[in-house]
$ cat entry.cif   # mmCIF, C-alpha atoms
data_target
#
loop_
_atom_site.group_PDB
_atom_site.id
_atom_site.type_symbol
_atom_site.label_atom_id
_atom_site.label_comp_id
_atom_site.auth_asym_id
_atom_site.auth_seq_id
_atom_site.Cartn_x
_atom_site.Cartn_y
_atom_site.Cartn_z
ATOM 1 C CA MET A 257 139.566 27.796 142.601
ATOM 2 C CA LYS A 258 136.937 28.226 139.883
ATOM 3 C CA LYS A 259 135.516 24.799 140.704
ATOM 4 C CA MET A 260 135.285 25.718 144.413
ATOM 5 C CA ILE A 261 133.368 28.901 143.553
ATOM 6 C CA LEU A 262 130.914 26.945 141.398
ATOM 7 C CA VAL A 263 130.387 24.423 144.195
ATOM 8 C CA PHE A 264 129.755 27.265 146.676
ATOM 9 C CA ILE A 265 127.225 28.924 144.360
ATOM 10 C CA SER A 266 125.432 25.632 143.745
ATOM 11 C CA THR A 267 125.294 24.909 147.485
ATOM 12 C CA PHE A 268 124.018 28.419 148.238
ATOM 13 C CA LEU A 269 121.240 28.113 145.655
ATOM 14 C CA TYR A 270 120.333 24.680 147.008
ATOM 15 C CA PHE A 271 119.852 26.053 150.530
ATOM 16 C CA ILE A 272 117.854 29.045 149.227
ATOM 17 C CA SER A 273 115.581 26.729 147.277
ATOM 18 C CA ASN A 274 115.003 24.414 150.220
ATOM 19 C CA ALA A 275 114.498 27.266 152.693
ATOM 20 C CA GLN A 276 111.503 28.430 150.717
ATOM 21 C CA SER A 277 108.084 26.874 150.630
ATOM 22 C CA GLU A 278 106.964 25.293 147.385
ATOM 23 C CA MET A 279 103.755 27.295 147.765
ATOM 24 C CA ILE A 280 105.396 30.699 147.272
ATOM 25 C CA LYS A 281 107.230 29.409 144.205
ATOM 26 C CA GLU A 282 103.932 28.211 142.762
ATOM 27 C CA VAL A 283 102.386 31.635 143.450
ATOM 28 C CA PHE A 284 105.237 33.235 141.477
ATOM 29 C CA ARG A 285 104.535 30.876 138.592
ATOM 30 C CA ARG A 286 100.831 31.794 138.636
ATOM 31 C CA LEU A 287 101.132 35.577 138.963
ATOM 32 C CA PRO A 288 99.652 37.634 136.097
ATOM 33 C CA ALA A 289 102.390 38.657 133.650
ATOM 34 C CA ASP A 290 101.920 42.372 134.377
ATOM 35 C CA LYS A 291 102.753 41.710 138.037
ATOM 36 C CA ALA A 292 105.985 39.841 137.217
ATOM 37 C CA TYR A 293 107.877 41.964 134.686
ATOM 38 C CA LYS A 294 105.960 40.133 131.921
ATOM 39 C CA LEU A 295 108.186 37.108 132.411
ATOM 40 C CA THR A 296 107.063 33.936 130.649
ATOM 41 C CA LEU A 297 106.390 30.746 132.596
ATOM 42 C CA ALA A 298 109.478 29.129 131.059
ATOM 43 C CA THR A 299 111.602 32.087 132.194
ATOM 44 C CA ARG A 300 110.178 31.940 135.708
ATOM 45 C CA ASP A 301 110.943 28.219 135.967
ATOM 46 C CA SER A 302 114.489 28.885 134.791
ATOM 47 C CA MET A 303 114.932 31.648 137.383
ATOM 48 C CA LEU A 304 113.650 29.370 140.156
ATOM 49 C CA GLU A 305 116.554 27.093 139.249
ATOM 50 C CA GLY A 306 118.912 29.969 140.032
ATOM 51 C CA LYS A 307 119.542 31.240 136.513
ATOM 52 C CA THR A 308 119.788 34.947 135.672
ATOM 53 C CA TYR A 309 117.432 36.065 132.900
ATOM 54 C CA TYR A 310 118.748 38.348 130.149
ATOM 55 C CA PRO A 311 116.089 39.612 127.691
ATOM 56 C CA ALA A 312 116.765 38.882 124.029
ATOM 57 C CA ASP A 313 116.780 42.581 123.104
ATOM 58 C CA ASN A 314 119.749 43.341 125.392
ATOM 59 C CA ASP A 315 122.785 44.892 123.710
ATOM 60 C CA SER A 316 126.206 46.258 124.654
ATOM 61 C CA ASN A 317 124.724 49.659 125.510
ATOM 62 C CA GLU A 318 121.934 48.379 127.742
ATOM 63 C CA THR A 319 122.055 45.019 129.479
ATOM 64 C CA VAL A 320 119.192 44.274 131.865
ATOM 65 C CA ALA A 321 119.396 41.347 134.285
ATOM 66 C CA TYR A 322 116.579 39.729 136.267
ATOM 67 C CA LYS A 323 117.471 37.637 139.314
ATOM 68 C CA TYR A 324 115.561 35.593 141.865
ATOM 69 C CA GLY A 325 116.266 35.549 145.587
ATOM 70 C CA ALA A 326 114.990 34.596 149.030
ATOM 71 C CA SER A 327 114.916 35.865 152.606
ATOM 72 C CA GLU A 328 116.973 34.341 155.395
ATOM 73 C CA SER A 329 114.188 34.885 157.928
ATOM 74 C CA VAL A 330 110.904 34.457 156.008
ATOM 75 C CA LYS A 331 110.044 31.149 154.371
ATOM 76 C CA ASP A 332 106.994 32.209 152.346
ATOM 77 C CA TYR A 333 108.806 34.972 150.457
ATOM 78 C CA LEU A 334 110.749 35.538 147.270
ATOM 79 C CA TYR A 335 111.855 38.488 145.183
ATOM 80 C CA ILE A 336 112.772 39.230 141.590
ATOM 81 C CA SER A 337 115.269 42.032 141.080
ATOM 82 C CA MET A 338 115.855 44.046 137.922
ATOM 83 C CA SER A 339 119.134 45.863 137.379
ATOM 84 C CA PHE A 340 121.463 47.037 134.646
ATOM 85 C CA GLU A 341 124.895 45.553 134.045
ATOM 86 C CA THR A 342 125.951 48.396 131.727
ATOM 87 C CA GLY A 343 126.220 51.290 134.150
ATOM 88 C CA GLN A 344 122.661 52.648 134.203
ATOM 89 C CA ARG A 345 121.600 53.405 137.773
ATOM 90 C CA GLY A 346 117.957 52.381 137.580
ATOM 91 C CA SER A 347 116.782 49.235 139.339
ATOM 92 C CA GLY A 348 113.616 47.577 140.539
ATOM 93 C CA MET A 349 112.252 44.761 142.647
ATOM 94 C CA ILE A 350 109.109 42.659 142.899
ATOM 95 C CA GLU A 351 108.536 41.019 146.281
ATOM 96 C CA ILE A 352 106.025 38.228 146.889
ATOM 97 C CA ARG A 353 104.991 37.310 150.423
ATOM 98 C CA ASN A 354 102.366 35.091 152.025
ATOM 99 C CA PHE A 355 100.381 35.850 155.192
ATOM 100 C CA LYS A 356 98.228 33.049 156.577
ATOM 101 C CA MET A 357 94.498 33.821 156.868
ATOM 102 C CA MET A 358 92.096 32.663 159.555
ATOM 103 C CA ASN A 359 90.182 30.416 157.135
ATOM 104 C CA GLY A 360 93.325 28.597 156.038
ATOM 105 C CA ASN A 361 93.766 30.451 152.746
ATOM 106 C CA ASN A 362 96.842 32.505 151.970
ATOM 107 C CA MET A 363 96.937 36.284 151.599
ATOM 108 C CA ILE A 364 99.569 37.097 148.986
ATOM 109 C CA LEU A 365 101.090 40.566 148.849
ATOM 110 C CA VAL A 366 102.942 41.587 145.696
ATOM 111 C CA SER A 367 105.026 44.732 145.993
ATOM 112 C CA GLN A 368 106.794 46.488 143.135
ATOM 113 C CA THR A 369 109.349 49.221 143.737
ATOM 114 C CA GLY A 370 111.737 50.949 141.369
ATOM 115 C CA GLY A 371 113.761 53.971 140.398
ATOM 116 C CA VAL A 372 117.242 55.222 141.204
ATOM 117 C CA PRO A 373 118.358 54.169 144.714
ATOM 118 C CA GLY A 374 119.240 57.128 146.927
ATOM 119 C CA ILE A 375 117.663 59.624 144.533
ATOM 120 C CA ALA A 376 114.156 58.658 143.458
ATOM 121 C CA TYR A 377 113.324 55.088 144.421
ATOM 122 C CA SER A 378 109.640 54.611 145.263
ATOM 123 C CA GLN A 379 106.689 52.288 145.692
ATOM 124 C CA GLN A 380 105.012 51.617 142.351
ATOM 125 C CA ASN A 381 102.377 49.007 143.135
ATOM 126 C CA LEU A 382 101.110 46.970 146.069
ATOM 127 C CA ASP A 383 98.581 44.263 145.179
ATOM 128 C CA ALA A 384 96.837 41.564 147.177
ATOM 129 C CA PHE A 385 95.724 38.123 146.016
ATOM 130 C CA ILE A 386 94.119 35.106 147.632
ATOM 131 C CA TYR A 387 95.838 31.778 147.039
ATOM 132 C CA GLU A 388 93.229 29.172 147.887
ATOM 133 C CA LYS A 389 93.570 25.553 148.884
ATOM 134 C CA ASN A 390 92.682 24.497 145.331
ATOM 135 C CA LYS A 391 95.731 26.496 144.105
ATOM 136 C CA THR A 392 93.757 29.263 142.403
ATOM 137 C CA LEU A 393 95.121 32.814 142.611
ATOM 138 C CA THR A 394 92.511 35.572 142.573
ATOM 139 C CA PRO A 395 92.734 39.349 143.221
ATOM 140 C CA HIS A 396 91.645 40.409 146.715
ATOM 141 C CA LYS A 397 89.477 43.524 146.668
ATOM 142 C CA LYS A 398 88.897 44.062 150.391
ATOM 143 C CA LYS A 399 90.965 46.663 152.211
ATOM 144 C CA ILE A 400 93.683 45.086 154.340
ATOM 145 C CA LEU A 401 95.926 48.127 154.919
ATOM 146 C CA PRO A 402 95.224 51.577 156.377
ATOM 147 C CA GLU A 403 95.905 54.584 154.164
ATOM 148 C CA THR A 404 99.638 55.194 153.968
ATOM 149 C CA ASP A 405 101.591 58.304 153.032
ATOM 150 C CA GLU A 406 104.573 60.346 154.211
ATOM 151 C CA SER A 407 102.477 62.294 156.743
ATOM 152 C CA MET A 408 102.289 59.163 158.934
ATOM 153 C CA PHE A 409 105.923 59.772 159.880
ATOM 154 C CA MET A 410 105.487 63.459 160.773
ATOM 155 C CA LYS A 411 104.867 64.952 164.205
ATOM 156 C CA PRO A 412 101.780 67.092 164.892
ATOM 157 C CA GLY A 413 102.349 70.807 164.376
ATOM 158 C CA ILE A 414 105.034 70.377 161.726
ATOM 159 C CA PRO A 415 105.535 73.690 159.834
ATOM 160 C CA ASP A 416 104.245 73.671 156.256
ATOM 161 C CA SER A 417 107.685 74.620 154.912
ATOM 162 C CA VAL A 418 109.314 71.650 156.680
ATOM 163 C CA LYS A 419 106.570 69.289 155.531
ATOM 164 C CA LYS A 420 107.029 70.438 151.940
ATOM 165 C CA GLU A 421 110.785 69.919 152.118
ATOM 166 C CA ILE A 422 110.328 66.402 153.469
ATOM 167 C CA LEU A 423 107.759 65.521 150.813
ATOM 168 C CA ASN A 424 110.024 66.848 148.067
ATOM 169 C CA ASN A 425 112.998 64.811 149.238
ATOM 170 C CA SER A 426 111.640 61.434 150.308
ATOM 171 C CA ASN A 427 109.741 58.364 149.166
ATOM 172 C CA ILE A 428 107.971 55.581 151.021
ATOM 173 C CA THR A 429 108.462 51.913 150.195
ATOM 174 C CA PHE A 430 107.207 48.641 151.642
ATOM 175 C CA ASP A 431 109.585 45.851 152.641
ATOM 176 C CA LEU A 432 108.113 42.341 152.695
ATOM 177 C CA SER A 433 111.300 40.437 153.537
ATOM 178 C CA ASN A 434 111.127 40.652 157.340
ATOM 179 C CA GLU A 435 108.917 38.975 159.921
ATOM 180 C CA LYS A 436 106.615 42.017 159.954
ATOM 181 C CA LEU A 437 105.511 44.168 157.045
ATOM 182 C CA ILE A 438 107.590 47.363 157.049
ATOM 183 C CA LEU A 439 106.962 50.795 155.557
ATOM 184 C CA SER A 440 110.044 53.009 155.285
ATOM 185 C CA LEU A 441 110.508 56.708 154.689
ATOM 186 C CA ALA A 442 113.635 56.614 152.558
ATOM 187 C CA SER A 443 115.776 59.707 152.106
ATOM 188 C CA SER A 444 119.532 60.185 152.274
ATOM 189 C CA TYR A 445 118.801 63.921 152.204
ATOM 190 C CA ILE A 446 116.693 63.881 155.373
ATOM 191 C CA SER A 447 119.062 61.578 157.259
ATOM 192 C CA ASN A 448 121.658 64.360 157.233
ATOM 193 C CA LYS A 449 119.272 67.184 158.201
ATOM 194 C CA LYS A 450 118.729 67.417 161.968
ATOM 195 C CA ASP A 451 116.297 70.316 161.542
ATOM 196 C CA LEU A 452 114.043 68.034 159.487
ATOM 197 C CA ARG A 453 114.496 64.822 161.473
ATOM 198 C CA LYS A 454 113.344 66.502 164.693
ATOM 199 C CA TRP A 455 109.874 66.759 163.103
ATOM 200 C CA LEU A 456 109.710 63.039 162.375
ATOM 201 C CA LYS A 457 108.344 60.335 164.682
ATOM 202 C CA GLY A 458 110.574 57.803 162.958
ATOM 203 C CA ASP A 459 111.490 56.531 159.506
ATOM 204 C CA THR A 460 110.397 52.890 159.847
ATOM 205 C CA LEU A 461 106.839 51.739 160.563
ATOM 206 C CA TYR A 462 105.904 48.140 161.421
ATOM 207 C CA PHE A 463 102.524 46.527 160.720
ATOM 208 C CA ASP A 464 101.060 43.624 162.684
ATOM 209 C CA TRP A 465 99.036 40.971 160.823
ATOM 210 C CA ILE A 466 95.915 40.520 162.983
ATOM 211 C CA LYS A 467 92.635 38.878 161.954
ATOM 212 C CA ASP A 468 93.364 39.115 158.215
ATOM 213 C CA ARG A 469 94.298 42.797 158.350
ATOM 214 C CA PHE A 470 97.444 44.858 158.833
ATOM 215 C CA ILE A 471 97.359 47.000 161.968
ATOM 216 C CA ILE A 472 99.761 49.878 162.544
ATOM 217 C CA GLY A 473 102.418 48.909 165.079
ATOM 218 C CA LYS A 474 105.512 50.613 166.415
ATOM 219 C CA MET A 475 107.572 53.264 164.669
ATOM 220 C CA GLU A 476 111.296 53.877 165.083
ATOM 221 C CA PHE A 477 114.369 55.358 163.444
ATOM 222 C CA GLN A 478 116.532 52.950 161.464
ATOM 223 C CA TYR A 479 118.227 55.302 159.018
#
$ encode --input "entry.cif" --output "structure tokens"
Amino acid sequence: MKKMILVFISTFLYFISNAQSEMIKEVFRRLPADKAYKLTLATRDSMLEGKTYYPADNDSNETVAYKYGASESVKDYLYISMSFETGQRGSGMIEIRNFKMMNGNNMILVSQTGGVPGIAYSQQNLDAFIYEKNKTLTPHKKKILPETDESMFMKPGIPDSVKKEILNNSNITFDLSNEKLILSLASSYISNKKDLRKWLKGDTLYFDWIKDRFIIGKMEFQY
């Protein structure tokens, strides 16, 4: 039975590895350390082989684990998750995604989120890089996204008291793992409050990638 499980895991990791482009793996290897949990190149290579990374300063009271994963629907994407194996509720994720540019270069988005899921999990950073044909990775300074905040999800005329309650009980996070870039208004509190939800246009916003920029698309309720 144990052997069958190991074979399944190995097969699963093989398909994940081959479903991804080599380009996005190379981008992960070239990311600045402060955009990749300060992981060393050797650690990143080990994670790309499917190994979980445990920092040397882990102990029985606090064990942090870093894992690598892929998307079933997006080839030029990978993520690194951070979680505790000793009961702490905090977690985090770095997502890396490529969007093809008109000149043939690659626009790389790097999203970092973290916190306590369901309580205070939020967007921490969203950075853009250009990965050129000569395999150099440089920060992209031009604006590619419109301004984003919680008010985008609110209907006109929303009472100040309702707006304040929504702002105090929600966070917005980007999701790079789907075909389109997604911005979500995450809140288990709001999902159970009909008097608040009626003032929302939706909780999920899609962006279309058009002419090297993200354009606001449709909004809907998913939560």
$ closest_residue --input "entry.cif" --among "A:Met338, A:Ile446, A:Leu439, A:Leu456" --to "A:Gly413" --atoms "all atoms listed in the file"
A:Leu456
$ resolve_selection --input "entry.cif" --expression "the PyMOL selection byres ((chain A and resi 393) around 9)" --output "PDB file with C-alpha atoms, in the coordinates of the input"
ATOM      1  CA  VAL A 283     102.386  31.635 143.450  1.00  0.00           C
ATOM      2  CA  ARG A 286     100.831  31.794 138.636  1.00  0.00           C
ATOM      3  CA  LEU A 287     101.132  35.577 138.963  1.00  0.00           C
ATOM      4  CA  ILE A 364      99.569  37.097 148.986  1.00  0.00           C
ATOM      5  CA  PHE A 385      95.724  38.123 146.016  1.00  0.00           C
ATOM      6  CA  ILE A 386      94.119  35.106 147.632  1.00  0.00           C
ATOM      7  CA  TYR A 387      95.838  31.778 147.039  1.00  0.00           C
ATOM      8  CA  GLU A 388      93.229  29.172 147.887  1.00  0.00           C
ATOM      9  CA  LYS A 391      95.731  26.496 144.105  1.00  0.00           C
ATOM     10  CA  THR A 392      93.757  29.263 142.403  1.00  0.00           C
ATOM     11  CA  THR A 394      92.511  35.572 142.573  1.00  0.00           C
ATOM     12  CA  PRO A 395      92.734  39.349 143.221  1.00  0.00           C
TER      13      PRO A 395
END
$ atom_distance --input "entry.cif" --atom1 "atom CA of A:Asn361" --atom2 "atom CA of A:Asp464"
18.0 Å
$ atom_distance --input "entry.cif" --atom1 "atom CA of A:Ile350" --atom2 "atom CA of A:Gln368"
4.5 Å
$ atom_distance --input "entry.cif" --atom1 "atom CA of A:Tyr309" --atom2 "atom CA of A:Tyr335"
13.7 Å
$ closest_residue --input "entry.cif" --among "A:Glu421, A:Glu305, A:Glu476, A:Glu351" --to "A:Phe409" --atoms "all atoms listed in the file"
A:Glu476
$ resolve_selection --input "entry.cif" --expression "the PyMOL selection byres ((chain A and resi 317) around 12)" --output "list in words"
Asp313, Asn314, Asp315, Ser316, Glu318, Thr319, Val320, Phe340, Glu341, Thr342, Gly343 and Gln344 of chain A
$ resolve_selection --input "entry.cif" --expression "the PyMOL selection byres ((chain A and resi 438) around 6)" --output "mmCIF file with C-alpha atoms, in the frame of the given file"
data_model
loop_
_atom_site.group_PDB
_atom_site.id
_atom_site.type_symbol
_atom_site.label_atom_id
_atom_site.label_comp_id
_atom_site.auth_asym_id
_atom_site.auth_seq_id
_atom_site.Cartn_x
_atom_site.Cartn_y
_atom_site.Cartn_z
ATOM 1 C CA PHE A 430 107.207 48.641 151.642
ATOM 2 C CA ASP A 431 109.585 45.851 152.641
ATOM 3 C CA LEU A 437 105.511 44.168 157.045
ATOM 4 C CA LEU A 439 106.962 50.795 155.557
ATOM 5 C CA LEU A 461 106.839 51.739 160.563
ATOM 6 C CA TYR A 462 105.904 48.140 161.421
#
$ closest_residue --input "entry.cif" --among "A:Lys307, A:Tyr322, A:Ser329, A:Val366" --to "A:Phe284" --atoms "all atoms listed in the file"
A:Val366
$ residues_around --input "entry.cif" --residues "A:Tyr377" --least-positions-apart "3" --cutoff "10 Å" --atoms "all atoms listed in the file" --output "list in words"
Gly346, Ser347, Gly348, Thr369, Gly370, Gly371, Val372, Pro373, Gly374, Gln380, Ser426, Asn427, Ile428, Thr429, Ala442 and Ser443 of chain A
$ build_atoms --input "entry.cif" --residues "stretch 442-457 of chain A" --atoms "N, CA, C and O atoms" --output "PDB file, keeping the file's coordinate frame"
ATOM      1  N   ALA A 442     112.253  56.681 153.015  1.00  0.00           N
ATOM      2  CA  ALA A 442     113.635  56.614 152.558  1.00  0.00           C
ATOM      3  C   ALA A 442     114.100  57.958 152.021  1.00  0.00           C
ATOM      4  O   ALA A 442     113.465  58.539 151.141  1.00  0.00           O
ATOM      5  N   SER A 443     115.217  58.441 152.574  1.00  0.00           N
ATOM      6  CA  SER A 443     115.776  59.707 152.106  1.00  0.00           C
ATOM      7  C   SER A 443     117.165  59.927 152.677  1.00  0.00           C
ATOM      8  O   SER A 443     117.318  60.136 153.880  1.00  0.00           O
ATOM      9  N   SER A 444     118.178  59.871 151.831  1.00  0.00           N
ATOM     10  CA  SER A 444     119.532  60.185 152.274  1.00  0.00           C
ATOM     11  C   SER A 444     119.647  61.668 152.596  1.00  0.00           C
ATOM     12  O   SER A 444     120.457  62.072 153.436  1.00  0.00           O
ATOM     13  N   TYR A 445     118.812  62.476 151.964  1.00  0.00           N
ATOM     14  CA  TYR A 445     118.801  63.921 152.204  1.00  0.00           C
ATOM     15  C   TYR A 445     118.345  64.229 153.628  1.00  0.00           C
ATOM     16  O   TYR A 445     118.990  64.973 154.364  1.00  0.00           O
ATOM     17  N   ILE A 446     117.245  63.613 154.042  1.00  0.00           N
ATOM     18  CA  ILE A 446     116.693  63.881 155.373  1.00  0.00           C
ATOM     19  C   ILE A 446     117.588  63.327 156.482  1.00  0.00           C
ATOM     20  O   ILE A 446     117.705  63.918 157.551  1.00  0.00           O
ATOM     21  N   SER A 447     118.234  62.207 156.218  1.00  0.00           N
ATOM     22  CA  SER A 447     119.062  61.578 157.259  1.00  0.00           C
ATOM     23  C   SER A 447     120.201  62.479 157.712  1.00  0.00           C
ATOM     24  O   SER A 447     120.741  62.301 158.814  1.00  0.00           O
ATOM     25  N   ASN A 448     120.568  63.446 156.885  1.00  0.00           N
ATOM     26  CA  ASN A 448     121.658  64.360 157.233  1.00  0.00           C
ATOM     27  C   ASN A 448     121.164  65.739 157.660  1.00  0.00           C
ATOM     28  O   ASN A 448     121.961  66.666 157.804  1.00  0.00           O
ATOM     29  N   LYS A 449     119.849  65.881 157.847  1.00  0.00           N
ATOM     30  CA  LYS A 449     119.272  67.184 158.201  1.00  0.00           C
ATOM     31  C   LYS A 449     118.584  67.088 159.573  1.00  0.00           C
ATOM     32  O   LYS A 449     117.437  66.648 159.689  1.00  0.00           O
ATOM     33  N   LYS A 450     119.289  67.500 160.619  1.00  0.00           N
ATOM     34  CA  LYS A 450     118.729  67.417 161.968  1.00  0.00           C
ATOM     35  C   LYS A 450     117.488  68.286 162.127  1.00  0.00           C
ATOM     36  O   LYS A 450     116.567  67.933 162.883  1.00  0.00           O
ATOM     37  N   ASP A 451     117.442  69.424 161.417  1.00  0.00           N
ATOM     38  CA  ASP A 451     116.297  70.316 161.542  1.00  0.00           C
ATOM     39  C   ASP A 451     115.033  69.725 160.928  1.00  0.00           C
ATOM     40  O   ASP A 451     113.920  70.134 161.266  1.00  0.00           O
ATOM     41  N   LEU A 452     115.197  68.738 160.050  1.00  0.00           N
ATOM     42  CA  LEU A 452     114.043  68.034 159.487  1.00  0.00           C
ATOM     43  C   LEU A 452     113.698  66.811 160.321  1.00  0.00           C
ATOM     44  O   LEU A 452     112.527  66.536 160.596  1.00  0.00           O
ATOM     45  N   ARG A 453     114.710  66.063 160.720  1.00  0.00           N
ATOM     46  CA  ARG A 453     114.496  64.822 161.473  1.00  0.00           C
ATOM     47  C   ARG A 453     113.776  65.069 162.800  1.00  0.00           C
ATOM     48  O   ARG A 453     113.046  64.200 163.285  1.00  0.00           O
ATOM     49  N   LYS A 454     113.988  66.244 163.403  1.00  0.00           N
ATOM     50  CA  LYS A 454     113.344  66.502 164.693  1.00  0.00           C
ATOM     51  C   LYS A 454     111.822  66.578 164.572  1.00  0.00           C
ATOM     52  O   LYS A 454     111.110  66.494 165.585  1.00  0.00           O
ATOM     53  N   TRP A 455     111.316  66.722 163.334  1.00  0.00           N
ATOM     54  CA  TRP A 455     109.874  66.759 163.103  1.00  0.00           C
ATOM     55  C   TRP A 455     109.310  65.398 162.685  1.00  0.00           C
ATOM     56  O   TRP A 455     108.130  65.294 162.363  1.00  0.00           O
ATOM     57  N   LEU A 456     110.155  64.389 162.722  1.00  0.00           N
ATOM     58  CA  LEU A 456     109.710  63.039 162.375  1.00  0.00           C
ATOM     59  C   LEU A 456     109.546  62.177 163.624  1.00  0.00           C
ATOM     60  O   LEU A 456     110.321  62.293 164.578  1.00  0.00           O
ATOM     61  N   LYS A 457     108.544  61.295 163.600  1.00  0.00           N
ATOM     62  CA  LYS A 457     108.344  60.335 164.682  1.00  0.00           C
ATOM     63  C   LYS A 457     109.244  59.118 164.508  1.00  0.00           C
ATOM     64  O   LYS A 457     109.482  58.352 165.443  1.00  0.00           O
TER      65      LYS A 457
END
